[in-house]
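A short write-up of the structure that comes next.
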Number of protein chains: 2
Amino acid sequence: MARKKSSAQPKVDPAGAPPVSLKQLAEHLGLSPATISLVINASPVADSIPQRTKDRVMAAVEEFNYRPNFTARSLRQQRSFIIGVLVPEVSEGYAAMVMSGIEDHLLQEGYFYFVASHRHRPDLIEEYPALLLRRSVEGIIAVDTPVFRSKGIPVVAVSGRGGENGATNILLDHDKAAHLALQHLYDLGHRKIAVIKGQAFSSDTEVRWNAISRQAALIGIEIPPLLVGQLEGDSSSPELGYAVTRRLIDRGGQFTALFAFNDISAMGAIRALREAGRPVPQQVSVVGFDDIQSAAFQNPALTTIRQPLRKMGEIAAEILLGRIQSAGLFSKHVTVAPELIVRESTAAVRAKA
Amino acid sequence: MARKKSSAQPKVDPAGAPPVSLKQLAEHLGLSPATISLVINASPVADSIPQRTKDRVMAAVEEFNYRPNFTARSLRQQRSFIIGVLVPEVSEGYAAMVMSGIEDHLLQEGYFYFVASHRHRPDLIEEYPALLLRRSVEGIIAVDTPVFRSKGIPVVAVSGRGGENGATNILLDHDKAAHLALQHLYDLGHRKIAVIKGQAFSSDTEVRWNAISRQAALIGIEIPPLLVGQLEGDSSSPELGYAVTRRLIDRGGQFTALFAFNDISAMGAIRALREAGRPVPQQVSVVGFDDIQSAAFQNPALTTIRQPLRKMGEIAAEILLGRIQSAGLFSKHVTVAPELIVRESTAAVRAKA
DNA sequence: ATGGATTACTAAAACGATTTAATTGCGCCG
DNA sequence: CGGCGCAATTAAATCGTTTTAGTAATCCAT
């Protein structure tokens with residue numbers, strides 16, 4: 001305590017100088033840690049502290065580049081400023097897009113997030129929420145992930161089914177989506193429309209299919225079981241769309257248009273159709289879903305239903321933080337609107353030759 | 001302290017029972033927190049504790065579902081078991097794929113990670129590492145992100161340029177990649193080959209271009225400046241590839257093959273060529289780079305150089321954890337091998353009609 | 001019987017903040 | 001001149017662990 005004196009200009013240290021603690025700073029200033037903490041956090045208790053002292057404190061903070069230790073603060077305040085994000089797989093365009101929106105909002109508000117990809121494995125879907133909880137996340141956003149018991153922290157589900165246990169759901173207006181797609185095809189003269197449903201484990205599958213049935217009936221289109229296929233397998237490659245379309249073709253049902261579960265499967269479907277000698281859009285029109293990046297640059301460019309995925313992520317984050325701040329009432333769900341993007345994979349049905 | 005007695009079966013609490021602390025558990029067992037901590041962590045000091053007591057402790061842990069508070073433990077041990085991941089943008093396929101590999105390894109080893117997307121903004125590239133540091137991450141993985149001062153924690157760069165300041169680099173063998181692509185085209189009879197370079201801010205751009213120049217010379221191909229284009233703009237849509245290919249065509253240089261910087265730009269290029277009446281692969285062959293998911297389902301399916309992105313992420317995580325564990329020597333870089341994936345976008349050059 | 005090992009624990013000090021309830025000194029009023 | 005109130009601080013508890021340095025009791029050998 002008598003020797004260090006020449007270390008008067010700490011400034012920018014090159015690499016490894018350990019950060020200063022509140023106590024050290026206090027000692028340097030001849031004040032107590034309490035005072036400094038109060039000043040730094042602009043606590044109302046600090047109102048009685050004269051500006052002179054406050055300035056002195058702030059100057060020292062600057063000089064030594066003092067930053068409160070986040071872990072210590074977390075422990076004391078019981079706040080981590082971390083939230084957990086559950087997705088099927090980070091590298092899938094759908095989840096990545098939602099995450100992008102989530103991140104945007106969270107970082108802005110001073111939060112960080114942990115990501116965990118469960119790859120639809122039930123054991124991981126069970127395990128990860130608990131693991132996140134143990135890391136004291138303050139809330140969870142579940143993207144396309146089935147329900148789980150949320151022990152005491154708020155949960156927001158993006159296109160998931162969290163209906164029951166207190167989760168807020170961000171979901172697409174599937175009826176509008178179905179209407180946009182079907183009406184578009186109907187207007188082009190299509191009457192025989194095939195549909196590719198999603199995998200059973202995908203939370204959108206059921207609601208979407210129900211919406212399609214409803215809207216088809218309203219418009220006056222009949223969709224016989226023969227023209228309904230379902231994605232199978234848990235990869236996310238276009239291969240699945242290819243396979244189901246092959247089955248659809250082999251089954252022999254006639255159709256002039258196809259409404260795919262997502263853009264990825266639409267890509268596979270287009271290839272299957274082409275190989276079967278039924279080029280898109282000349283003989284069959286195809287409508288995708290999601291409007292992922294590469295949809296616009298397929299050949300033919302994909303007509304699709306755009307989901308505002310980024311926006312959905314942002315909303316999810318915003319609502320979650322809201323629920324964290326005030327643990328009061330909360331809405332059960334928020335609906336966002338889809339949009340029809342017309343490109344080249346749909347065309348008017350050809351007049352009978 | 002005399003009243004609670006009937007709460008003998010805590011079991012699975014429905015929602016909001018606060019977790020028990022070590023102290024409570026200790027009180028319940030009539031032992032000190034120290035003992036329990038030692039038993040739980042199987043500390044060597046606990047060797048002298050009789051099995052009977054250990055069993056009692058473990059039983060109580062089970063009964064009350066006790067889990068040590070992670071924040072408290074972090075504070076005491078000065079370990080967060082968190083690492084930071086810097087990427088240009090989570091929703092880009094390239095980064096997402098690498099992240100997937102990173103996550104895989106990290107979660108296995110009991111770590112979580114924070115993601116921050118800087119979207120190539122210099123201020124964020126400057127700010128985020130500091131922010132992560134403040135959150136006491138134990139290391140940083142930088143994906144396609146230029147260098148920054150890593151204050152005291154290990155850094156691993158995936159296809160970044162961290163050459164100088166003590167980062168380990170995971171990089172592709174670009175010479176091999178260039179050789180694979182060029183030799184493939186050469187073997188198909190191509191001699192006039194155009195190249196699309198990446199944006200200036202992308203760390204791969206320069207090394208890759210140098211490798212291409214080198215390998216072209218070795219094989220005996222000349223690549224005149226007239227046939228070299230560069231991606232411009234910081235979006236990651238195929239639009240950029242489309243634009244640069246248009247410029248290339250307009251400039252009037254003759255070429256029968258095109259080597260794109262990545263699959264995304266290859267998609268744009270193919271469209272530009274098609275619109276200009278030069279179908280792929282009949283008149284021009286195109287080789288992409290990366291082998292992203294949808295590459296196989298383009299029309300024509302993309303011939304491309306596959307980067308083992310997931311694997312690169314895994315390796316990055318593994319090396320980083322290694323460096324965290326033992327802060328000793330470390331390798332400056334690790335090289336991974338690319339692979340040529342031949343599909344439909346390349347074909348033999350047509351005999352002069 | 002004494003002293004050194006061993007056994008079975010525990011007290012208390014960290015870790016680095018935040019926050020509540022004092023404490024001290026001083027001016028001023030009655 | 002006693003005491004009230006205010007201004008400027010601070011002591012100390014707390015958050016929930018981990019870990020070091022003990023301590024007390026028992027055992028065994030001499």
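If you're wondering about the labels, chains in the structure tokens are A, B, ... by order shown, residues count from 1 in each chain, ligands from 1 in order shown.
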
DG5 (chain D): which residues within 12 Å, counting only C-alpha atoms (C1' of nucleotides), same-chain residues fewer than 3 positions away excluded, as an MDAnalysis selection string? chainID C and resid 26:29

What would the file look like if the residues just selected were written as a short mmCIF file (atom, residue, chain, number, x, y, z; two decimals), in the first residue's frame with C-alpha atoms (C1' of nucleotides)?
```cif
data_model
loop_
_atom_site.label_atom_id
_atom_site.label_comp_id
_atom_site.auth_asym_id
_atom_site.auth_seq_id
_atom_site.Cartn_x
_atom_site.Cartn_y
_atom_site.Cartn_z
"C1'" DC C 26 -23.23 20.63 11.54
"C1'" DG C 27 -26.43 24.54 11.33
"C1'" DC C 28 -30.31 26.48 13.28
"C1'" DC C 29 -34.50 27.15 15.95
#
```

Using only C-alpha atoms (C1' of nucleotides), which protein or nucleic acid residues come within 12 Å of DT30 (chain D)? Drop anything in the same chain fewer than 5 positions from it, and give the result as a list in words. DA1, DT2, DG3 and DG4 of chain C

Pull out every residue of chain B sitting within 7 Å of chain D, counting only C-alpha atoms (C1' of nucleotides), and send them as a ChimeraX atom specification. /B:21,69,72-73,76

Please provide as an NGL selection string all residues within 10 Å of Tyr113 (chain A), with the sequence filter that same-chain residues fewer than 5 positions apart are discarded (counting only C-alpha atoms (C1' of nucleotides)). (:A and (81-85 or 99 or 102-103 or 106-107 or 137-141)) or (:B and (112-116))

Could you write out that same residue set with N, CA and C atoms as a PDB file, in the first residue's frame?
```pdb
ATOM      1  N   PHE A  81     -30.265 -11.075 -17.015  1.00  0.00           N
ATOM      2  CA  PHE A  81     -30.329 -10.430 -18.324  1.00  0.00           C
ATOM      3  C   PHE A  81     -29.912 -11.395 -19.424  1.00  0.00           C
ATOM      4  N   ILE A  82     -30.366 -12.619 -19.255  1.00  0.00           N
ATOM      5  CA  ILE A  82     -30.152 -13.639 -20.281  1.00  0.00           C
ATOM      6  C   ILE A  82     -31.497 -14.300 -20.538  1.00  0.00           C
ATOM      7  N   ILE A  83     -31.778 -14.568 -21.793  1.00  0.00           N
ATOM      8  CA  ILE A  83     -32.967 -15.363 -22.043  1.00  0.00           C
ATOM      9  C   ILE A  83     -32.564 -16.561 -22.889  1.00  0.00           C
ATOM     10  N   GLY A  84     -33.350 -17.605 -22.838  1.00  0.00           N
ATOM     11  CA  GLY A  84     -33.036 -18.830 -23.558  1.00  0.00           C
ATOM     12  C   GLY A  84     -33.875 -18.925 -24.820  1.00  0.00           C
ATOM     13  N   VAL A  85     -33.266 -19.405 -25.900  1.00  0.00           N
ATOM     14  CA  VAL A  85     -34.003 -19.591 -27.147  1.00  0.00           C
ATOM     15  C   VAL A  85     -33.910 -21.049 -27.565  1.00  0.00           C
ATOM     16  N   MET A  99     -34.443 -15.947 -35.138  1.00  0.00           N
ATOM     17  CA  MET A  99     -33.395 -15.605 -34.178  1.00  0.00           C
ATOM     18  C   MET A  99     -32.822 -14.233 -34.465  1.00  0.00           C
ATOM     19  N   ILE A 102     -35.033 -11.804 -32.963  1.00  0.00           N
ATOM     20  CA  ILE A 102     -34.937 -11.886 -31.508  1.00  0.00           C
ATOM     21  C   ILE A 102     -33.690 -11.152 -31.032  1.00  0.00           C
ATOM     22  N   GLU A 103     -32.581 -11.470 -31.666  1.00  0.00           N
ATOM     23  CA  GLU A 103     -31.310 -10.885 -31.247  1.00  0.00           C
ATOM     24  C   GLU A 103     -31.345  -9.376 -31.337  1.00  0.00           C
ATOM     25  N   LEU A 106     -33.229  -7.984 -28.395  1.00  0.00           N
ATOM     26  CA  LEU A 106     -32.620  -8.291 -27.110  1.00  0.00           C
ATOM     27  C   LEU A 106     -31.364  -7.478 -26.844  1.00  0.00           C
ATOM     28  N   LEU A 107     -30.456  -7.456 -27.807  1.00  0.00           N
ATOM     29  CA  LEU A 107     -29.202  -6.742 -27.583  1.00  0.00           C
ATOM     30  C   LEU A 107     -29.479  -5.266 -27.347  1.00  0.00           C
ATOM     31  N   VAL A 137     -31.851 -18.235 -16.822  1.00  0.00           N
ATOM     32  CA  VAL A 137     -32.423 -17.364 -17.849  1.00  0.00           C
ATOM     33  C   VAL A 137     -33.701 -16.763 -17.282  1.00  0.00           C
ATOM     34  N   GLU A 138     -34.033 -15.574 -17.753  1.00  0.00           N
ATOM     35  CA  GLU A 138     -35.207 -14.899 -17.195  1.00  0.00           C
ATOM     36  C   GLU A 138     -36.484 -15.192 -17.974  1.00  0.00           C
ATOM     37  N   GLY A 139     -36.308 -15.877 -19.100  1.00  0.00           N
ATOM     38  CA  GLY A 139     -37.470 -16.203 -19.914  1.00  0.00           C
ATOM     39  C   GLY A 139     -37.018 -17.089 -21.054  1.00  0.00           C
ATOM     40  N   ILE A 140     -37.974 -17.679 -21.758  1.00  0.00           N
ATOM     41  CA  ILE A 140     -37.628 -18.573 -22.860  1.00  0.00           C
ATOM     42  C   ILE A 140     -38.476 -18.254 -24.077  1.00  0.00           C
ATOM     43  N   ILE A 141     -37.826 -18.243 -25.247  1.00  0.00           N
ATOM     44  CA  ILE A 141     -38.573 -18.157 -26.495  1.00  0.00           C
ATOM     45  C   ILE A 141     -38.418 -19.499 -27.189  1.00  0.00           C
TER      46      ILE A 141
ATOM     47  N   PHE B 112     -22.445 -22.817 -22.603  1.00  0.00           N
ATOM     48  CA  PHE B 112     -23.441 -22.168 -23.441  1.00  0.00           C
ATOM     49  C   PHE B 112     -22.732 -21.047 -24.198  1.00  0.00           C
ATOM     50  N   TYR B 113     -23.438 -20.448 -25.128  1.00  0.00           N
ATOM     51  CA  TYR B 113     -22.790 -19.374 -25.882  1.00  0.00           C
ATOM     52  C   TYR B 113     -23.736 -18.217 -26.146  1.00  0.00           C
ATOM     53  N   PHE B 114     -23.127 -17.022 -26.194  1.00  0.00           N
ATOM     54  CA  PHE B 114     -23.857 -15.820 -26.588  1.00  0.00           C
ATOM     55  C   PHE B 114     -23.541 -15.543 -28.049  1.00  0.00           C
ATOM     56  N   VAL B 115     -24.532 -15.128 -28.817  1.00  0.00           N
ATOM     57  CA  VAL B 115     -24.283 -14.765 -30.205  1.00  0.00           C
ATOM     58  C   VAL B 115     -24.458 -13.266 -30.373  1.00  0.00           C
ATOM     59  N   ALA B 116     -23.597 -12.664 -31.177  1.00  0.00           N
ATOM     60  CA  ALA B 116     -23.780 -11.254 -31.509  1.00  0.00           C
ATOM     61  C   ALA B 116     -23.491 -11.057 -32.991  1.00  0.00           C
TER      62      ALA B 116
END
```

Within 8 Å of Gln230 (chain B), counting only C-alpha atoms (C1' of nucleotides), which residues show up once you throw out same-chain ones fewer than 4 positions away? Write them as JSON, numbers by chain, please. {"B": [196, 197, 198, 199, 244]}

Restrict the distance test to only C-alpha atoms, flag each residue of chain A within 9 Å of chain B, and return the flagged residues as number ranges by chain. A: 13-18, 67-72, 74-75, 78, 80, 89-100, 103-104, 107, 112-117, 134-136, 149-153, 236-239, 264, 267-268, 271, 293-294, 296-300

Up to 8 Å from chain A, what residues of chain C turn up? Count only C-alpha atoms (C1' of nucleotides) and give them as a PyMOL selection string. chain C and resi 15-18

Using C-alpha atoms (C1' of nucleotides), can you export the residues from the last selection as an mmCIF file, in the first residue's frame?
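And here is the file that came out, result39.cif:
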```cif
data_model
loop_
_atom_site.group_PDB
_atom_site.id
_atom_site.type_symbol
_atom_site.label_atom_id
_atom_site.label_comp_id
_atom_site.auth_asym_id
_atom_site.auth_seq_id
_atom_site.Cartn_x
_atom_site.Cartn_y
_atom_site.Cartn_z
ATOM 1 C "C1'" DC C 15 -16.045 -13.904 -4.985
ATOM 2 C "C1'" DG C 16 -17.836 -8.510 -6.213
ATOM 3 C "C1'" DA C 17 -21.290 -6.252 -6.196
ATOM 4 C "C1'" DT C 18 -26.209 -3.827 -4.071
#
```

List every residue of region 189-341 of chain A that DSSP, applied to the backbone of this structure, assigns to alpha helix (DSSP H), and report them as a ChimeraX atom specification. /A:203-219,239-251,263-275,309-325

Find the residues around Val39 (chain B) up to 9 Å (only C-alpha atoms (C1' of nucleotides) counted), leave out those fewer than 4 positions away in its own chain, and share them as a VMD selection string. chain B and resid 34 to 35 43 45 to 47 49 53 to 54 57 to 58
